[in-house]
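Printed here is my_file.txt (compact mmCIF, C-alpha atoms and all ligand atoms):
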```
# COMPACT_ATOMS: atom_id res chain seq x y z
CA MET A 39 -142.63 134.39 27.43
CA ALA A 40 -140.76 131.21 26.46
CA ALA A 41 -137.20 130.74 27.64
CA VAL A 42 -134.58 129.69 25.12
CA ILE A 43 -133.50 126.17 25.88
CA GLU A 44 -131.10 125.74 22.99
CA ILE A 45 -129.43 127.40 20.05
CA GLU A 46 -128.25 124.86 17.55
CA PRO A 47 -127.40 124.43 13.86
CA ALA A 48 -130.62 124.01 11.89
CA PRO A 49 -131.02 120.70 10.00
CA MET A 50 -132.17 120.66 6.39
CA GLU A 51 -135.52 119.17 7.51
CA ALA A 52 -136.24 122.42 9.36
CA ALA A 53 -136.41 124.43 6.10
CA GLY A 54 -140.22 124.39 6.01
CA HIS A 55 -140.53 125.63 9.60
CA MET A 56 -137.90 128.28 8.93
CA ALA A 57 -139.84 129.54 5.91
CA SER A 58 -143.06 129.73 7.99
CA LEU A 59 -141.30 131.66 10.75
CA HIS A 60 -139.64 133.96 8.21
CA ASP A 61 -142.99 134.64 6.57
CA ILE A 62 -144.58 135.67 9.89
CA CYS A 63 -141.61 137.77 10.98
CA PHE A 64 -141.19 139.70 7.72
CA ALA A 65 -144.88 140.10 6.85
CA THR A 66 -144.86 143.83 7.56
CA LEU A 67 -141.25 144.55 6.57
CA PRO A 68 -139.72 145.48 3.19
CA GLU A 69 -137.55 142.34 3.04
CA THR A 70 -139.01 139.48 0.97
CA PRO A 71 -139.61 136.32 3.06
CA TRP A 72 -137.68 133.26 1.94
CA SER A 73 -139.43 130.09 0.77
CA ALA A 74 -138.54 126.60 2.04
CA HIS A 75 -136.81 126.04 -1.31
CA ALA A 76 -134.72 129.18 -0.78
CA PHE A 77 -133.79 128.04 2.74
CA ARG A 78 -132.71 124.64 1.44
CA ALA A 79 -130.53 126.26 -1.24
CA ILE A 80 -128.97 128.61 1.32
CA MET A 81 -128.35 125.77 3.77
CA ARG A 82 -126.65 123.68 1.09
CA ALA A 83 -123.96 126.33 0.52
CA PRO A 84 -120.93 125.22 2.57
CA THR A 85 -120.01 128.78 3.55
CA ASN A 86 -123.41 129.48 5.14
CA ARG A 87 -124.28 128.86 8.79
CA THR A 88 -127.90 128.47 9.85
CA LEU A 89 -128.79 128.56 13.54
CA MET A 90 -132.16 128.11 15.16
CA ALA A 91 -133.42 128.87 18.65
CA ARG A 92 -135.84 126.48 20.29
CA GLY A 93 -138.29 127.68 22.93
CA SER A 94 -139.18 125.77 26.07
CA GLY A 95 -141.63 123.50 24.20
CA GLY A 96 -138.96 122.57 21.66
CA LYS A 97 -140.60 124.78 19.06
CA MET A 98 -138.45 126.86 16.73
CA VAL A 99 -138.80 130.48 17.82
CA GLY A 100 -135.90 132.16 16.06
CA LEU A 101 -133.34 131.76 13.31
CA LEU A 102 -130.16 133.31 12.00
CA VAL A 103 -128.52 132.73 8.64
CA GLY A 104 -124.99 133.97 8.06
CA GLY A 105 -122.26 133.53 5.51
CA VAL A 106 -118.57 133.19 6.37
CA GLY A 107 -115.50 133.34 4.14
CA GLY A 108 -112.39 135.26 3.19
CA GLY A 109 -112.03 136.94 6.56
CA GLU A 110 -115.53 138.34 6.38
CA ALA A 111 -118.97 137.30 7.59
CA GLU A 112 -122.43 138.49 6.66
CA ILE A 113 -125.63 138.26 8.63
CA LEU A 114 -128.05 137.32 5.86
CA SER A 115 -131.17 137.11 8.00
CA ILE A 116 -132.27 137.01 11.62
CA CYS A 117 -135.76 136.86 13.06
CA VAL A 118 -137.64 135.87 16.19
CA SER A 119 -141.27 134.86 16.61
CA PRO A 120 -143.41 137.89 17.58
CA ALA A 121 -144.75 135.89 20.57
CA VAL A 122 -141.34 135.70 22.27
CA ARG A 123 -139.63 138.92 21.33
CA ARG A 124 -137.63 141.03 23.76
CA ALA A 125 -136.48 137.95 25.66
CA GLY A 126 -132.87 138.04 24.43
CA ILE A 127 -133.31 135.39 21.72
CA ALA A 128 -131.97 137.45 18.79
CA ARG A 129 -129.01 138.57 20.87
CA ALA A 130 -128.30 134.95 21.82
CA LEU A 131 -128.41 133.91 18.14
CA LEU A 132 -126.07 136.73 17.15
CA VAL A 133 -123.64 135.96 19.98
CA ALA A 134 -123.63 132.27 19.01
CA PHE A 135 -122.83 133.13 15.39
CA LEU A 136 -120.21 135.79 16.16
CA SER A 137 -118.44 133.78 18.85
CA ASP A 138 -117.42 131.17 16.25
CA LEU A 139 -115.64 133.75 14.07
CA PRO A 140 -111.84 134.11 14.23
CA PRO A 141 -110.43 137.37 15.61
CA GLY A 142 -110.20 140.04 12.93
CA THR A 143 -113.25 138.81 11.02
CA ARG A 144 -115.43 141.68 9.85
CA SER A 145 -119.17 141.01 9.95
CA LEU A 146 -121.50 143.03 7.78
CA LEU A 147 -125.28 143.34 7.52
CA GLU A 148 -127.95 145.55 6.03
CA VAL A 149 -131.03 146.82 7.83
CA ALA A 150 -133.89 149.06 6.73
CA VAL A 151 -133.54 152.58 8.13
CA ASP A 152 -136.97 152.35 9.73
CA ASN A 153 -136.42 148.98 11.46
CA LEU A 154 -135.75 150.47 14.88
CA ALA A 155 -135.90 147.16 16.77
CA ALA A 156 -133.20 145.59 14.58
CA ILE A 157 -131.07 148.75 14.60
CA SER A 158 -131.21 148.79 18.39
CA LEU A 159 -130.31 145.09 18.46
CA TYR A 160 -127.23 145.56 16.25
CA GLU A 161 -126.02 148.66 18.07
CA SER A 162 -126.41 146.85 21.39
CA CYS A 163 -124.17 144.11 19.93
CA ASP A 164 -121.39 146.58 19.01
CA PHE A 165 -122.19 146.94 15.31
CA SER A 166 -121.42 150.40 13.88
CA GLU A 167 -122.82 152.10 10.81
CA VAL A 168 -120.35 152.07 7.89
CA GLY A 169 -122.57 153.13 4.98
CA ARG A 170 -126.00 153.43 3.40
CA ARG A 171 -127.64 151.95 0.32
CA PRO A 172 -130.36 154.26 -1.08
CA ASN A 173 -133.64 152.54 -2.05
CA TYR A 174 -132.13 149.15 -1.21
CA TYR A 175 -135.50 147.63 -0.29
CA ALA A 176 -137.62 148.27 -3.38
CA GLY A 177 -140.03 145.34 -3.46
CA GLY A 178 -142.91 147.02 -1.59
CA LYS A 179 -145.06 150.06 -2.22
CA THR A 180 -142.33 152.39 -1.04
CA LYS A 181 -138.57 152.22 -1.38
CA VAL A 182 -136.55 152.12 1.81
CA ASP A 183 -132.87 152.88 2.35
CA ALA A 184 -130.60 150.36 4.05
CA ILE A 185 -127.97 151.07 6.66
CA ILE A 186 -124.84 148.90 6.44
CA TYR A 187 -123.51 147.87 9.82
CA ALA A 188 -120.15 146.27 10.60
CA ARG A 189 -118.40 144.75 13.57
CA ILE A 190 -114.86 143.37 13.83
CA GLU A 191 -114.10 140.46 16.16
CA GLN A 192 -111.43 141.22 18.74
C1 LIG B 201 -135.23 142.45 15.44
C2 LIG B 201 -135.60 141.14 16.14
C3 LIG B 201 -134.80 140.02 15.48
C4 LIG B 201 -135.22 141.26 17.62
O1 LIG B 201 -135.47 140.00 18.24
P1 LIG B 201 -135.62 139.85 19.84
O2 LIG B 201 -135.39 138.44 20.20
O3 LIG B 201 -136.89 140.46 20.25
O4 LIG B 201 -134.41 140.77 20.34
P2 LIG B 201 -133.69 140.65 21.78
O5 LIG B 201 -134.73 140.35 22.81
O6 LIG B 201 -132.52 139.75 21.69
O7 LIG B 201 -133.23 142.15 21.98
C5 LIG B 201 -131.87 142.51 22.11
C6 LIG B 201 -131.80 144.03 22.07
O8 LIG B 201 -132.28 144.51 20.81
C7 LIG B 201 -132.98 145.75 21.03
N1 LIG B 201 -134.41 145.57 20.69
C8 LIG B 201 -135.02 144.43 20.33
N2 LIG B 201 -136.32 144.68 20.06
C9 LIG B 201 -136.51 145.99 20.25
C10 LIG B 201 -137.63 146.84 20.10
N3 LIG B 201 -138.83 146.38 19.72
N4 LIG B 201 -137.46 148.17 20.35
C11 LIG B 201 -136.28 148.66 20.73
N5 LIG B 201 -135.17 147.90 20.90
C12 LIG B 201 -135.29 146.58 20.64
C13 LIG B 201 -132.79 146.09 22.49
O9 LIG B 201 -131.57 146.80 22.61
C14 LIG B 201 -132.66 144.71 23.11
O10 LIG B 201 -132.00 144.71 24.34
P3 LIG B 201 -132.84 144.93 25.70
O11 LIG B 201 -134.08 144.07 25.61
O12 LIG B 201 -131.88 144.48 26.77
O13 LIG B 201 -133.17 146.38 25.74
C15 LIG B 201 -137.13 140.87 16.06
O14 LIG B 201 -137.83 142.04 16.45
C16 LIG B 201 -137.60 140.45 14.69
O15 LIG B 201 -137.62 139.25 14.37
N6 LIG B 201 -138.02 141.42 13.86
C17 LIG B 201 -138.51 141.10 12.51
C18 LIG B 201 -137.40 140.61 11.61
C19 LIG B 201 -136.27 141.63 11.50
O16 LIG B 201 -136.48 142.83 11.54
N7 LIG B 201 -135.04 141.11 11.33
C20 LIG B 201 -133.88 141.95 11.14
C21 LIG B 201 -133.81 142.40 9.73
S1 LIG B 201 -132.29 143.30 9.41
```
Would you mind writing the file's structure down as C-alpha cells?
Amino acid sequence: MAAVIEIEPAPMEAAGHMASLHDICFATLPETPWSAHAFRAIMRAPTNRTLMARGSGGKMVGLLVGGVGGGEAEILSICVSPAVRRAGIARALLVAFLSDLPPGTRSLLEVAVDNLAAISLYESCDFSEVGRRPNYYAGGKTKVDAIIYARIEQ
C-alpha cells in the first residue's frame, strides 16, 4: 500500500495520466471515463479545480475534479487507483478540496445508487442525501439512479 506523499493541483501536462487513471477506475462503473482531451478542456475552465494525489514513488494514484462558483461547489469526479484503495487517499483529496471553500459554500455531487464505496466515502465526509435522479446513468446496458449528496461548509 503506497502512502500519499502529496496532494497538489494537477498541471495540464498530467491530462494524459489522468485519463488513463480515470479509464481504469471507471471501467466497471456506469460513468463514462473522460479522455485526455476532456480533461484538458475541464482544466482550462477557470472555475474548475483539479487535484492529484501522488503515491510514494511520485506516481499519480488519485484525482479529484471540482467546480466552484456562486457560493456553490460541485465534485465532478474523484477516483483512486485500485492498487492503493482504502488508504485514505480519496478522503484526503476531498478534504483538500473542501478546506479551500469559504464557509457557507454548498457542495453537491452525484453518485450511482449501487456505488457503495463512494456512498460510504461521502457519508463519512459529512455529505447528506438531498435528492435522487432516476436513470441518471444511462450509458451502459442498464440504467442506474443517482443519489445527490450535499454538504455545507461551516
Ligand atoms: C470511491 C473511491 C474514490 C474511494 O477511494 P479510497 O481512496 O479507497 O477511499 P478512502 O480510503 O479515502 O476511504 C475513505 C472512506 O470511504 C469509505 N470507503 C472507501 N472504500 C470503501 C469500500 N470499498 N467499501 C466501503 N467503504 C468504503 C470508508 O468509509 C472509508 O473510511 P475507512 O477506510 O476509515 O473505513 C474509490 O473506490 C474509487 O476510485 N472508486 C471508483 C471511482 C468512483 O466510484 N468514484 C466516485 C464516483 S461518484
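Nearest to A:Leu131 of all the residues A:Glu69, A:Gly104, A:Asn153, A:Met90 is A:Met90, based on all atoms listed in the file.
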As a VMD selection string, please: the residues near stretch 185-188 of chain A (cut-off 8 Å, all atoms listed in the file, same-chain neighbours under 6 positions excluded).
chain A and resid 144 to 151 160 165 to 171
Residues from last step as file, C-alpha atoms, as a PDB file, in the frame of the given file:
```pdb
ATOM      1  CA  ARG A 144    -115.430 141.680   9.850  1.00  0.00           C
ATOM      2  CA  SER A 145    -119.170 141.010   9.950  1.00  0.00           C
ATOM      3  CA  LEU A 146    -121.500 143.030   7.780  1.00  0.00           C
ATOM      4  CA  LEU A 147    -125.280 143.340   7.520  1.00  0.00           C
ATOM      5  CA  GLU A 148    -127.950 145.550   6.030  1.00  0.00           C
ATOM      6  CA  VAL A 149    -131.030 146.820   7.830  1.00  0.00           C
ATOM      7  CA  ALA A 150    -133.890 149.060   6.730  1.00  0.00           C
ATOM      8  CA  VAL A 151    -133.540 152.580   8.130  1.00  0.00           C
ATOM      9  CA  TYR A 160    -127.230 145.560  16.250  1.00  0.00           C
ATOM     10  CA  PHE A 165    -122.190 146.940  15.310  1.00  0.00           C
ATOM     11  CA  SER A 166    -121.420 150.400  13.880  1.00  0.00           C
ATOM     12  CA  GLU A 167    -122.820 152.100  10.810  1.00  0.00           C
ATOM     13  CA  VAL A 168    -120.350 152.070   7.890  1.00  0.00           C
ATOM     14  CA  GLY A 169    -122.570 153.130   4.980  1.00  0.00           C
ATOM     15  CA  ARG A 170    -126.000 153.430   3.400  1.00  0.00           C
ATOM     16  CA  ARG A 171    -127.640 151.950   0.320  1.00  0.00           C
TER      17      ARG A 171
END
```
Of the candidates A:Arg123, A:Arg87, A:Pro140, A:Ala65, which shows the shortest atom-to-atom distance to ligand LIG 201 (chain B), using only C-alpha atoms and all ligand atoms?
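Answer, going by the shortest atom-to-atom distance: A:Arg123.
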Site check for ligand LIG 201 (chain B): residues at most 7 Å away, only C-alpha atoms and all ligand atoms, as number ranges by chain:
A: 63-64, 115-120, 122-130, 148-150, 153-156, 158-160, 162
Work out how far apart atom CA of A:Gly100 and atom CA of A:Gly178 are and give it in Å to one decimal.
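Atom-to-atom, atom CA of A:Gly100 and atom CA of A:Gly178 are spaced 24.1 Å apart.
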